[in-house]
>>> print(open('structure03.cif').read())   # mmCIF, C-alpha atoms
data_input
loop_
_atom_site.group_PDB
_atom_site.id
_atom_site.type_symbol
_atom_site.label_atom_id
_atom_site.label_comp_id
_atom_site.auth_asym_id
_atom_site.auth_seq_id
_atom_site.Cartn_x
_atom_site.Cartn_y
_atom_site.Cartn_z
ATOM 1 C CA MET A 1 -15.081 7.961 17.147
ATOM 2 C CA SER A 2 -12.571 5.272 17.999
ATOM 3 C CA ALA A 3 -8.868 4.549 18.311
ATOM 4 C CA ARG A 4 -9.480 1.454 16.237
ATOM 5 C CA GLY A 5 -10.813 3.499 13.342
ATOM 6 C CA MET A 6 -7.863 5.892 13.572
ATOM 7 C CA LEU A 7 -5.398 3.010 13.438
ATOM 8 C CA ALA A 8 -7.252 1.320 10.588
ATOM 9 C CA GLU A 9 -6.917 4.466 8.504
ATOM 10 C CA ALA A 10 -3.223 4.798 9.367
ATOM 11 C CA ARG A 11 -2.507 1.171 8.489
ATOM 12 C CA ALA A 12 -4.332 1.561 5.177
ATOM 13 C CA THR A 13 -1.682 4.084 4.064
ATOM 14 C CA ILE A 14 1.428 2.113 5.105
ATOM 15 C CA GLY A 15 3.794 2.086 2.133
ATOM 16 C CA MET A 16 2.705 5.458 0.739
ATOM 17 C CA SER A 17 5.859 7.384 -0.132
ATOM 18 C CA GLY A 18 7.169 10.469 -1.848
ATOM 19 C CA ARG A 19 5.536 13.851 -2.194
ATOM 20 C CA PRO A 20 3.278 15.286 -3.286
ATOM 21 C CA ASN A 21 1.042 12.391 -2.311
ATOM 22 C CA GLU A 22 -2.617 11.847 -1.476
ATOM 23 C CA ILE A 23 -2.123 13.192 2.048
ATOM 24 C CA THR A 24 -0.210 16.356 1.118
ATOM 25 C CA LYS A 25 -2.520 17.069 -1.836
ATOM 26 C CA GLU A 26 -5.599 16.930 0.372
ATOM 27 C CA TYR A 27 -4.022 19.186 3.002
ATOM 28 C CA ALA A 28 -2.768 21.620 0.358
ATOM 29 C CA ALA A 29 -6.228 21.798 -1.185
ATOM 30 C CA ARG A 30 -7.456 23.295 2.089
ATOM 31 C CA HIS A 31 -4.413 25.290 3.205
ATOM 32 C CA GLY A 32 -2.272 26.194 0.198
ATOM 33 C CA ASP A 33 0.134 24.701 -2.318
ATOM 34 C CA GLU A 34 3.146 25.296 -0.049
ATOM 35 C CA PHE A 35 2.092 22.113 1.778
ATOM 36 C CA LEU A 36 2.358 19.878 -1.304
ATOM 37 C CA ARG A 37 6.026 19.087 -0.643
ATOM 38 C CA ALA A 38 6.302 20.079 3.018
ATOM 39 C CA ASN A 39 7.117 17.718 5.882
ATOM 40 C CA TRP A 40 3.966 15.636 6.164
ATOM 41 C CA CYS A 41 4.064 13.657 9.426
ATOM 42 C CA ASP A 42 1.369 15.794 11.057
ATOM 43 C CA MET A 43 -0.545 16.231 7.822
ATOM 44 C CA ALA A 44 -0.911 12.438 7.936
ATOM 45 C CA ILE A 45 -2.310 12.550 11.480
ATOM 46 C CA THR A 46 -4.792 15.155 10.226
ATOM 47 C CA TYR A 47 -5.674 12.972 7.226
ATOM 48 C CA TRP A 48 -6.156 9.795 9.282
ATOM 49 C CA ALA A 49 -8.259 11.649 11.843
ATOM 50 C CA ARG A 50 -10.529 13.271 9.276
ATOM 51 C CA HIS A 51 -10.965 10.097 7.201
ATOM 52 C CA SER A 52 -11.769 7.940 10.244
ATOM 53 C CA GLY A 53 -14.268 10.360 11.792
ATOM 54 C CA ASN A 54 -11.929 11.296 14.653
ATOM 55 C CA ALA A 55 -11.138 14.928 13.797
ATOM 56 C CA SER A 56 -12.689 16.445 16.911
ATOM 57 C CA ALA A 57 -10.803 14.025 19.174
ATOM 58 C CA VAL A 58 -7.403 13.988 17.471
ATOM 59 C CA LEU A 59 -7.359 17.604 16.278
ATOM 60 C CA PRO A 60 -8.647 19.674 19.229
ATOM 61 C CA GLY A 61 -7.215 22.800 17.599
ATOM 62 C CA GLY A 62 -8.181 21.904 14.037
ATOM 63 C CA ASP A 63 -5.987 20.752 11.139
ATOM 64 C CA ARG A 64 -2.301 20.651 11.967
ATOM 65 C CA ALA A 65 0.909 20.337 9.965
ATOM 66 C CA TYR A 66 3.194 21.874 12.631
ATOM 67 C CA THR A 67 3.866 19.431 15.469
ATOM 68 C CA PRO A 68 4.584 21.886 18.343
ATOM 69 C CA TRP A 69 1.220 23.562 17.789
ATOM 70 C CA HIS A 70 -0.524 20.181 17.732
ATOM 71 C CA ALA A 71 1.119 19.111 20.990
ATOM 72 C CA GLY A 72 0.150 22.487 22.452
ATOM 73 C CA ASP A 73 -3.479 21.804 21.504
ATOM 74 C CA PHE A 74 -3.443 18.699 23.691
ATOM 75 C CA GLN A 75 -1.884 20.688 26.530
ATOM 76 C CA LYS A 76 -4.634 23.301 26.303
ATOM 77 C CA VAL A 77 -7.402 20.694 26.681
ATOM 78 C CA GLY A 78 -5.620 18.877 29.521
ATOM 79 C CA ARG A 79 -4.885 15.701 27.556
ATOM 80 C CA TRP A 80 -1.082 15.862 27.436
ATOM 81 C CA HIS A 81 1.285 13.298 29.043
ATOM 82 C CA SER A 82 5.025 13.964 29.225
ATOM 83 C CA GLY A 83 7.411 11.415 27.741
ATOM 84 C CA THR A 84 8.821 9.772 30.845
ATOM 85 C CA ALA A 85 9.358 6.014 30.653
ATOM 86 C CA ALA A 86 6.605 5.512 33.243
ATOM 87 C CA ASN A 87 4.159 7.606 31.226
ATOM 88 C CA VAL A 88 5.103 5.917 27.954
ATOM 89 C CA ASN A 89 4.310 2.557 29.543
ATOM 90 C CA GLN A 90 0.803 3.914 30.236
ATOM 91 C CA ALA A 91 0.202 4.960 26.624
ATOM 92 C CA LYS A 92 -2.663 3.396 24.684
ATOM 93 C CA PRO A 93 -3.215 2.471 21.034
ATOM 94 C CA GLY A 94 -4.507 5.548 19.248
ATOM 95 C CA ASP A 95 -2.547 8.033 21.358
ATOM 96 C CA ILE A 96 -0.745 10.709 19.318
ATOM 97 C CA VAL A 97 2.939 10.559 20.206
ATOM 98 C CA PHE A 98 5.385 13.433 19.636
ATOM 99 C CA PHE A 99 9.162 13.145 19.270
ATOM 100 C CA ASP A 100 12.070 15.447 20.071
ATOM 101 C CA TRP A 101 15.252 14.106 18.480
ATOM 102 C CA GLY A 102 17.262 16.401 20.755
ATOM 103 C CA ALA A 103 15.738 14.684 23.823
ATOM 104 C CA THR A 104 14.904 17.987 25.528
ATOM 105 C CA ASP A 105 11.219 17.072 25.919
ATOM 106 C CA ARG A 106 10.259 20.688 25.273
ATOM 107 C CA VAL A 107 7.066 21.063 23.276
ATOM 108 C CA SER A 108 8.665 23.899 21.306
ATOM 109 C CA ALA A 109 11.432 21.505 20.206
ATOM 110 C CA ILE A 110 9.160 18.706 18.914
ATOM 111 C CA ASP A 111 10.305 17.401 15.522
ATOM 112 C CA HIS A 112 7.959 14.575 14.552
ATOM 113 C CA VAL A 113 4.705 12.787 15.344
ATOM 114 C CA GLY A 114 3.038 9.387 14.926
ATOM 115 C CA VAL A 115 0.180 7.326 16.312
ATOM 116 C CA VAL A 116 0.718 4.595 18.913
ATOM 117 C CA GLU A 117 -0.152 1.168 17.572
ATOM 118 C CA LYS A 118 1.149 -0.987 20.420
ATOM 119 C CA VAL A 119 2.773 -0.455 23.833
ATOM 120 C CA LEU A 120 5.832 -2.692 24.151
ATOM 121 C CA GLY A 121 6.890 -1.972 27.741
ATOM 122 C CA GLY A 122 10.259 -0.747 28.893
ATOM 123 C CA GLY A 123 9.356 2.773 27.793
ATOM 124 C CA ARG A 124 8.892 1.700 24.157
ATOM 125 C CA VAL A 125 5.983 1.914 21.727
ATOM 126 C CA GLN A 126 5.311 0.669 18.222
ATOM 127 C CA THR A 127 3.938 3.416 16.005
ATOM 128 C CA VAL A 128 2.631 4.196 12.547
ATOM 129 C CA GLU A 129 4.309 7.347 11.241
ATOM 130 C CA ALA A 130 4.389 9.304 8.002
ATOM 131 C CA ASN A 131 7.354 11.216 6.608
ATOM 132 C CA THR A 132 9.782 8.712 8.099
ATOM 133 C CA SER A 133 12.209 8.059 5.235
ATOM 134 C CA ASP A 134 9.560 10.011 3.281
ATOM 135 C CA ALA A 135 7.043 7.161 3.685
ATOM 136 C CA VAL A 136 4.360 5.779 5.990
ATOM 137 C CA CYS A 137 6.020 3.060 8.076
ATOM 138 C CA ARG A 138 5.864 1.246 11.383
ATOM 139 C CA ARG A 139 8.555 2.244 13.859
ATOM 140 C CA VAL A 140 9.600 1.321 17.408
ATOM 141 C CA ARG A 141 10.450 4.342 19.558
ATOM 142 C CA SER A 142 11.716 4.703 23.120
ATOM 143 C CA SER A 143 11.036 7.270 25.810
ATOM 144 C CA GLY A 144 14.426 8.898 25.241
ATOM 145 C CA VAL A 145 13.114 10.616 22.106
ATOM 146 C CA ILE A 146 9.445 10.837 23.117
ATOM 147 C CA ALA A 147 8.577 14.355 24.247
ATOM 148 C CA GLY A 148 5.090 13.238 25.227
ATOM 149 C CA TYR A 149 1.776 12.155 23.836
ATOM 150 C CA GLY A 150 -1.730 13.455 23.511
ATOM 151 C CA ARG A 151 -4.657 11.267 24.443
ATOM 152 C CA PRO A 152 -7.601 11.934 22.100
ATOM 153 C CA ASP A 153 -11.038 11.878 23.653
ATOM 154 C CA TYR A 154 -12.373 9.010 21.581
ATOM 155 C CA GLY A 155 -15.528 8.910 23.686
ATOM 156 C CA GLY A 156 -14.653 6.480 26.457
ATOM 157 C CA SER A 157 -16.588 3.521 25.061
ATOM 158 C CA SER A 158 -15.288 0.245 23.738
ATOM 159 C CA THR A 159 -14.543 -0.154 20.045
ATOM 160 C CA SER A 160 -17.140 -2.864 19.692
ATOM 161 C CA GLN A 161 -19.777 -0.446 20.981
ATOM 162 C CA GLU A 162 -18.607 2.384 18.748
ATOM 163 C CA ASP A 163 -18.040 0.449 15.542
ATOM 164 C CA PRO A 164 -20.434 -2.522 15.383
ATOM 165 C CA VAL A 165 -19.744 -2.896 11.654
ATOM 166 C CA ILE A 166 -16.081 -3.711 12.353
ATOM 167 C CA GLY A 167 -15.640 -7.426 13.022
ATOM 168 C CA LEU A 168 -18.695 -8.546 11.061
ATOM 169 C CA LYS A 169 -18.031 -11.582 8.903
ATOM 170 C CA GLU A 170 -19.630 -13.979 6.481
ATOM 171 C CA GLY A 171 -22.512 -15.807 8.163
ATOM 172 C CA ASP A 172 -23.487 -12.917 10.443
ATOM 173 C CA LYS A 173 -27.018 -11.519 10.462
ATOM 174 C CA GLY A 174 -28.782 -8.492 11.910
ATOM 175 C CA GLU A 175 -29.066 -4.711 11.855
ATOM 176 C CA ALA A 176 -25.322 -4.129 11.723
ATOM 177 C CA VAL A 177 -25.154 -6.249 8.562
ATOM 178 C CA VAL A 178 -27.993 -4.172 7.094
ATOM 179 C CA ALA A 179 -25.967 -1.011 7.749
ATOM 180 C CA ALA A 180 -22.845 -2.571 6.220
ATOM 181 C CA GLN A 181 -24.780 -3.620 3.123
ATOM 182 C CA ARG A 182 -26.201 -0.129 2.663
ATOM 183 C CA LEU A 183 -22.730 1.343 2.992
ATOM 184 C CA VAL A 184 -21.424 -1.054 0.333
ATOM 185 C CA LEU A 185 -24.200 0.019 -2.037
ATOM 186 C CA TYR A 186 -23.646 3.740 -1.466
ATOM 187 C CA ALA A 187 -19.900 3.220 -1.895
ATOM 188 C CA GLY A 188 -20.476 1.819 -5.387
ATOM 189 C CA GLY A 189 -20.625 -1.917 -4.692
ATOM 190 C CA THR A 190 -23.416 -4.130 -5.977
ATOM 191 C CA LEU A 191 -25.705 -6.666 -4.298
ATOM 192 C CA PRO A 192 -27.663 -7.734 -7.397
ATOM 193 C CA ARG A 193 -29.556 -10.776 -6.156
ATOM 194 C CA TYR A 194 -30.445 -10.410 -2.478
ATOM 195 C CA GLY A 195 -29.854 -6.713 -1.878
ATOM 196 C CA VAL A 196 -30.067 -5.446 1.689
ATOM 197 C CA ASP A 197 -31.318 -8.558 3.470
ATOM 198 C CA GLY A 198 -29.360 -8.399 6.732
ATOM 199 C CA GLU A 199 -27.425 -11.600 5.999
ATOM 200 C CA TRP A 200 -23.738 -11.635 5.122
ATOM 201 C CA GLY A 201 -23.346 -14.226 2.395
ATOM 202 C CA ASP A 202 -21.202 -14.651 -0.719
ATOM 203 C CA GLU A 203 -22.912 -11.695 -2.398
ATOM 204 C CA MET A 204 -22.048 -9.305 0.436
ATOM 205 C CA SER A 205 -18.424 -10.532 0.403
ATOM 206 C CA ALA A 206 -18.276 -9.911 -3.342
ATOM 207 C CA GLY A 207 -19.781 -6.430 -2.956
ATOM 208 C CA LEU A 208 -17.318 -5.441 -0.243
ATOM 209 C CA LEU A 209 -14.436 -6.824 -2.327
ATOM 210 C CA GLN A 210 -15.627 -4.705 -5.230
ATOM 211 C CA VAL A 211 -15.490 -1.563 -3.071
ATOM 212 C CA ARG A 212 -12.090 -2.424 -1.613
ATOM 213 C CA LYS A 213 -10.598 -2.973 -5.065
ATOM 214 C CA SER A 214 -12.012 0.377 -6.170
ATOM 215 C CA MET A 215 -9.922 1.918 -3.376
ATOM 216 C CA GLY A 216 -6.753 0.232 -4.632
ATOM 217 C CA SER A 217 -6.697 -2.863 -2.419
ATOM 218 C CA ASP A 218 -5.174 -6.057 -3.821
ATOM 219 C CA VAL A 219 -6.994 -8.425 -1.435
ATOM 220 C CA LYS A 220 -8.417 -11.623 -2.935
ATOM 221 C CA ASP A 221 -11.539 -11.878 -0.799
ATOM 222 C CA ALA A 222 -13.502 -9.738 1.643
ATOM 223 C CA ARG A 223 -15.332 -12.119 3.938
ATOM 224 C CA GLU A 224 -14.805 -10.016 7.060
ATOM 225 C CA MET A 225 -15.063 -6.329 7.953
ATOM 226 C CA THR A 226 -11.539 -5.870 9.226
ATOM 227 C CA GLY A 227 -10.359 -2.491 10.407
ATOM 228 C CA THR A 228 -8.632 -1.900 7.071
ATOM 229 C CA ALA A 229 -11.736 -2.963 5.136
ATOM 230 C CA TYR A 230 -13.820 -0.555 7.222
ATOM 231 C CA ALA A 231 -11.410 2.321 6.597
ATOM 232 C CA GLN A 232 -11.465 1.673 2.849
ATOM 233 C CA LEU A 233 -15.252 1.403 2.835
ATOM 234 C CA MET A 234 -15.639 4.717 4.668
ATOM 235 C CA ARG A 235 -13.188 6.386 2.293
ATOM 236 C CA ALA A 236 -15.234 5.096 -0.643
ATOM 237 C CA VAL A 237 -18.433 6.491 0.904
ATOM 238 C CA ALA A 238 -16.726 9.838 1.512
ATOM 239 C CA ARG A 239 -15.444 9.829 -2.077
ATOM 240 C CA ALA A 240 -18.956 9.205 -3.366
ATOM 241 C CA GLU A 241 -20.254 12.069 -1.223
ATOM 242 C CA ALA A 242 -17.510 14.376 -2.489
ATOM 243 C CA ALA A 243 -18.264 13.444 -6.099
ATOM 244 C CA GLY A 244 -21.885 14.411 -5.584
ATOM 245 C CA ALA A 245 -20.943 17.707 -3.957
ATOM 246 C CA GLY A 246 -18.426 18.463 -6.683
ATOM 247 C CA GLY A 247 -20.822 18.108 -9.572
ATOM 248 C CA GLY A 248 -20.185 14.438 -10.285
ATOM 249 C CA PRO A 249 -22.747 11.674 -9.920
ATOM 250 C CA ALA A 250 -24.835 12.489 -6.861
ATOM 251 C CA VAL A 251 -24.549 9.669 -4.348
ATOM 252 C CA ASP A 252 -26.411 10.205 -1.087
ATOM 253 C CA VAL A 253 -25.682 7.821 1.753
ATOM 254 C CA GLY A 254 -29.374 7.943 2.626
ATOM 255 C CA ALA A 255 -31.163 9.031 5.766
ATOM 256 C CA GLU A 256 -30.999 5.651 7.496
ATOM 257 C CA VAL A 257 -27.282 5.172 6.968
ATOM 258 C CA ARG A 258 -26.532 8.803 7.825
ATOM 259 C CA ARG A 259 -28.346 8.398 11.144
ATOM 260 C CA TYR A 260 -26.392 5.205 11.751
ATOM 261 C CA LEU A 261 -23.099 6.935 11.016
ATOM 262 C CA GLU A 262 -23.982 9.913 13.165
ATOM 263 C CA GLY A 263 -24.688 7.465 15.976
ATOM 264 C CA LEU A 264 -21.094 6.262 15.607
ATOM 265 C CA HIS A 265 -19.855 9.876 15.403
ATOM 266 C CA VAL A 266 -18.476 9.125 11.942
ATOM 267 C CA ARG A 267 -18.099 12.290 9.880
ATOM 268 C CA LEU A 268 -18.431 12.190 6.130
ATOM 269 C CA ASP A 269 -17.326 15.810 5.755
ATOM 270 C CA VAL A 270 -14.333 15.702 3.429
ATOM 271 C CA THR A 271 -14.027 19.436 2.781
#
>>> encode(input="structure03.cif", output="C-alpha cells")
Amino acid sequence: MSARGMLAEARATIGMSGRPNEITKEYAARHGDEFLRANWCDMAITYWARHSGNASAVLPGGDRAYTPWHAGDFQKVGRWHSGTAANVNQAKPGDIVFFDWGATDRVSAIDHVGVVEKVLGGGRVQTVEANTSDAVCRRVRSSGVIAGYGRPDYGGSSTSQEDPVIGLKEGDKGEAVVAAQRLVLYAGGTLPRYGVDGEWGDEMSAGLLQVRKSMGSDVKDAREMTGTAYAQLMRAVARAEAAGAGGGPAVDVGAEVRRYLEGLHVRLDVT
C-alpha cells in the first residue's frame, strides 16, 4: 500500500467527466443502480483506493459514497485530523480531505471529499477531486472549507520500499525488472524476443507502451515506470484477472508475481 499508488490512480482519471462513468458504473455494480448518476466524489476515492491496492487503508469502514460516514470511519480508527490551518499545514500527500462548504467543520455537515496531492502552506492544499464540475480535476482548497482529513495507514514505509517497480526505467536490471516484465506479459503485452530477462531494453518499453495504450493512454513511449504507468499496468492486470473470473480468457498472474504483489500489499480483487 502507498500514498504514491493512490495518487497515481487518481491522476490517471483526471479529465473523466459526466455520469454514468467508469467510476459510478463500478460502484453501482456492487451497490445498486441508484449510484449510476449519484454524486460521485467519494465513489472516486473508493475506486482509486481499490484499484491501487489501498482499500484497507483508505476505506477503514469499507466502500463509501457518503462523505460523513467516510469521515466517521477515520474518526473511529483514530486517524482523523480537524481542519484547522495548523493541521492542514501538517497534511501529507495521500491524505483524504473532507470539505464543508458551510464552514461549520462538523462531520455531519461534510459535503465533498478529495485526496491531497500537495501541501501548499498557509492552510492550503492542492487536491485531486471527482464530481467537481462533474469531472475529475485538480483544485486548491483552504482551511476555511476543510472540515478535516483522514490519514490512511499506508504502512509507514517509504514509497520506494513499497513499490520498487515504480521508478524503473530503460537500462535498469534486476529482480524488480523481472517482476515488471511478468506483469506486462500477464497484462497482455508482448516481449517476443528476449522475454523475461531482467533487463529493461527497447522491447520492455514497447511492451509497456502496448499495455498503456490498451488502457486508453495516448503516450508516445513508455521508457519509465511512472506512477501513472504503474496505475495503468495494475488496472490492466486486474482487468485480465476479472476477464478470467468472468468466463473470458483465463489470465493468471502466476504464483511468482502474485507473491510479489502480495509482498507489496497490492490487491487484485476487483469484485
>>> resolve_selection(input="structure03.cif", expression="the PyMOL selection byres ((chain A and resi 41-49) around 10)", output="VMD selection string")
chain A and resid 1 to 3 5 to 13 22 to 28 35 38 to 40 50 to 59 62 to 67 70 96 98 111 to 115 128 to 132 134 to 136 231 270
>>> residues_near_point(input="structure03.cif", point="(-5.5, 18.0, 23.7)", cutoff="8 Å", atoms="only C-alpha atoms", output="NGL selection string")
:A and (58-61 or 71-80 or 150-152)
>>> residues_around(input="structure03.cif", residues="range 187-203 of chain A", least_positions_apart="5", cutoff="6 Å", atoms="all atoms listed in the file", output="mmCIF file with C-alpha atoms, in the frame of the given file")
data_model
loop_
_atom_site.group_PDB
_atom_site.id
_atom_site.type_symbol
_atom_site.label_atom_id
_atom_site.label_comp_id
_atom_site.auth_asym_id
_atom_site.auth_seq_id
_atom_site.Cartn_x
_atom_site.Cartn_y
_atom_site.Cartn_z
ATOM 1 C CA GLU A 170 -19.630 -13.979 6.481
ATOM 2 C CA GLY A 171 -22.512 -15.807 8.163
ATOM 3 C CA ASP A 172 -23.487 -12.917 10.443
ATOM 4 C CA LYS A 173 -27.018 -11.519 10.462
ATOM 5 C CA GLY A 174 -28.782 -8.492 11.910
ATOM 6 C CA VAL A 177 -25.154 -6.249 8.562
ATOM 7 C CA VAL A 178 -27.993 -4.172 7.094
ATOM 8 C CA GLN A 181 -24.780 -3.620 3.123
ATOM 9 C CA GLN A 210 -15.627 -4.705 -5.230
ATOM 10 C CA VAL A 211 -15.490 -1.563 -3.071
ATOM 11 C CA ALA A 236 -15.234 5.096 -0.643
ATOM 12 C CA VAL A 237 -18.433 6.491 0.904
#
>>> resolve_selection(input="structure03.cif", expression="the PyMOL selection byres ((chain A and resi 208) around 8)", output="number ranges by chain")
A: 184, 189, 204-207, 209-212, 222, 233
>>> closest_residue(input="structure03.cif", among="A:Tyr186, A:Trp69, A:Tyr230, A:Phe99", to="Ala147 in chain A", atoms="all atoms listed in the file")
A:Phe99
>>> closest_residue(input="structure03.cif", among="A:Ala29, A:Leu168, A:Val125, A:Leu36", to="Met225 in chain A", atoms="only C-alpha atoms")
A:Leu168
>>> atom_distance(input="structure03.cif", atom1="CA of Gly94 in chain A", atom2="CA of Ala180 in chain A")
23.9 Å
>>> closest_residue(input="structure03.cif", among="A:Ala109, A:Ala86, A:Ala238, A:Val97", to="Pro68 in chain A", atoms="only C-alpha atoms")
A:Ala109
>>> resolve_selection(input="structure03.cif", expression="the PyMOL selection byres ((chain A and resi 118-120) around 12)", output="PyMOL selection string")
chain A and resi 3-4+7+85-97+114-117+121-128+138-143
>>> atom_distance(input="structure03.cif", atom1="CA of Asp221 in chain A", atom2="CA of Met16 in chain A")
22.5 Å
>>> closest_residue(input="structure03.cif", among="A:Lys169, A:Arg106, A:Arg37, A:His31", to="Glu224 in chain A", atoms="all atoms listed in the file")
A:Lys169
>>> axis_aligned_box(input="structure03.cif", around="range 5-17 of chain A", padding_each_side="8 Å", output="AutoDock Vina command-line options")
--center_x -2.5 --center_y 4.3 --center_z 6.7 --size_x 32.7 --size_y 22.2 --size_z 29.7
>>> closest_residue(input="structure03.cif", among="A:Asn21, A:Ser217, A:Ser108, A:Ser82", to="Gln232 in chain A", atoms="all atoms listed in the file")
A:Ser217
>>> atom_distance(input="structure03.cif", atom1="CA of Thr228 in chain A", atom2="CA of Ser214 in chain A")
13.9 Å
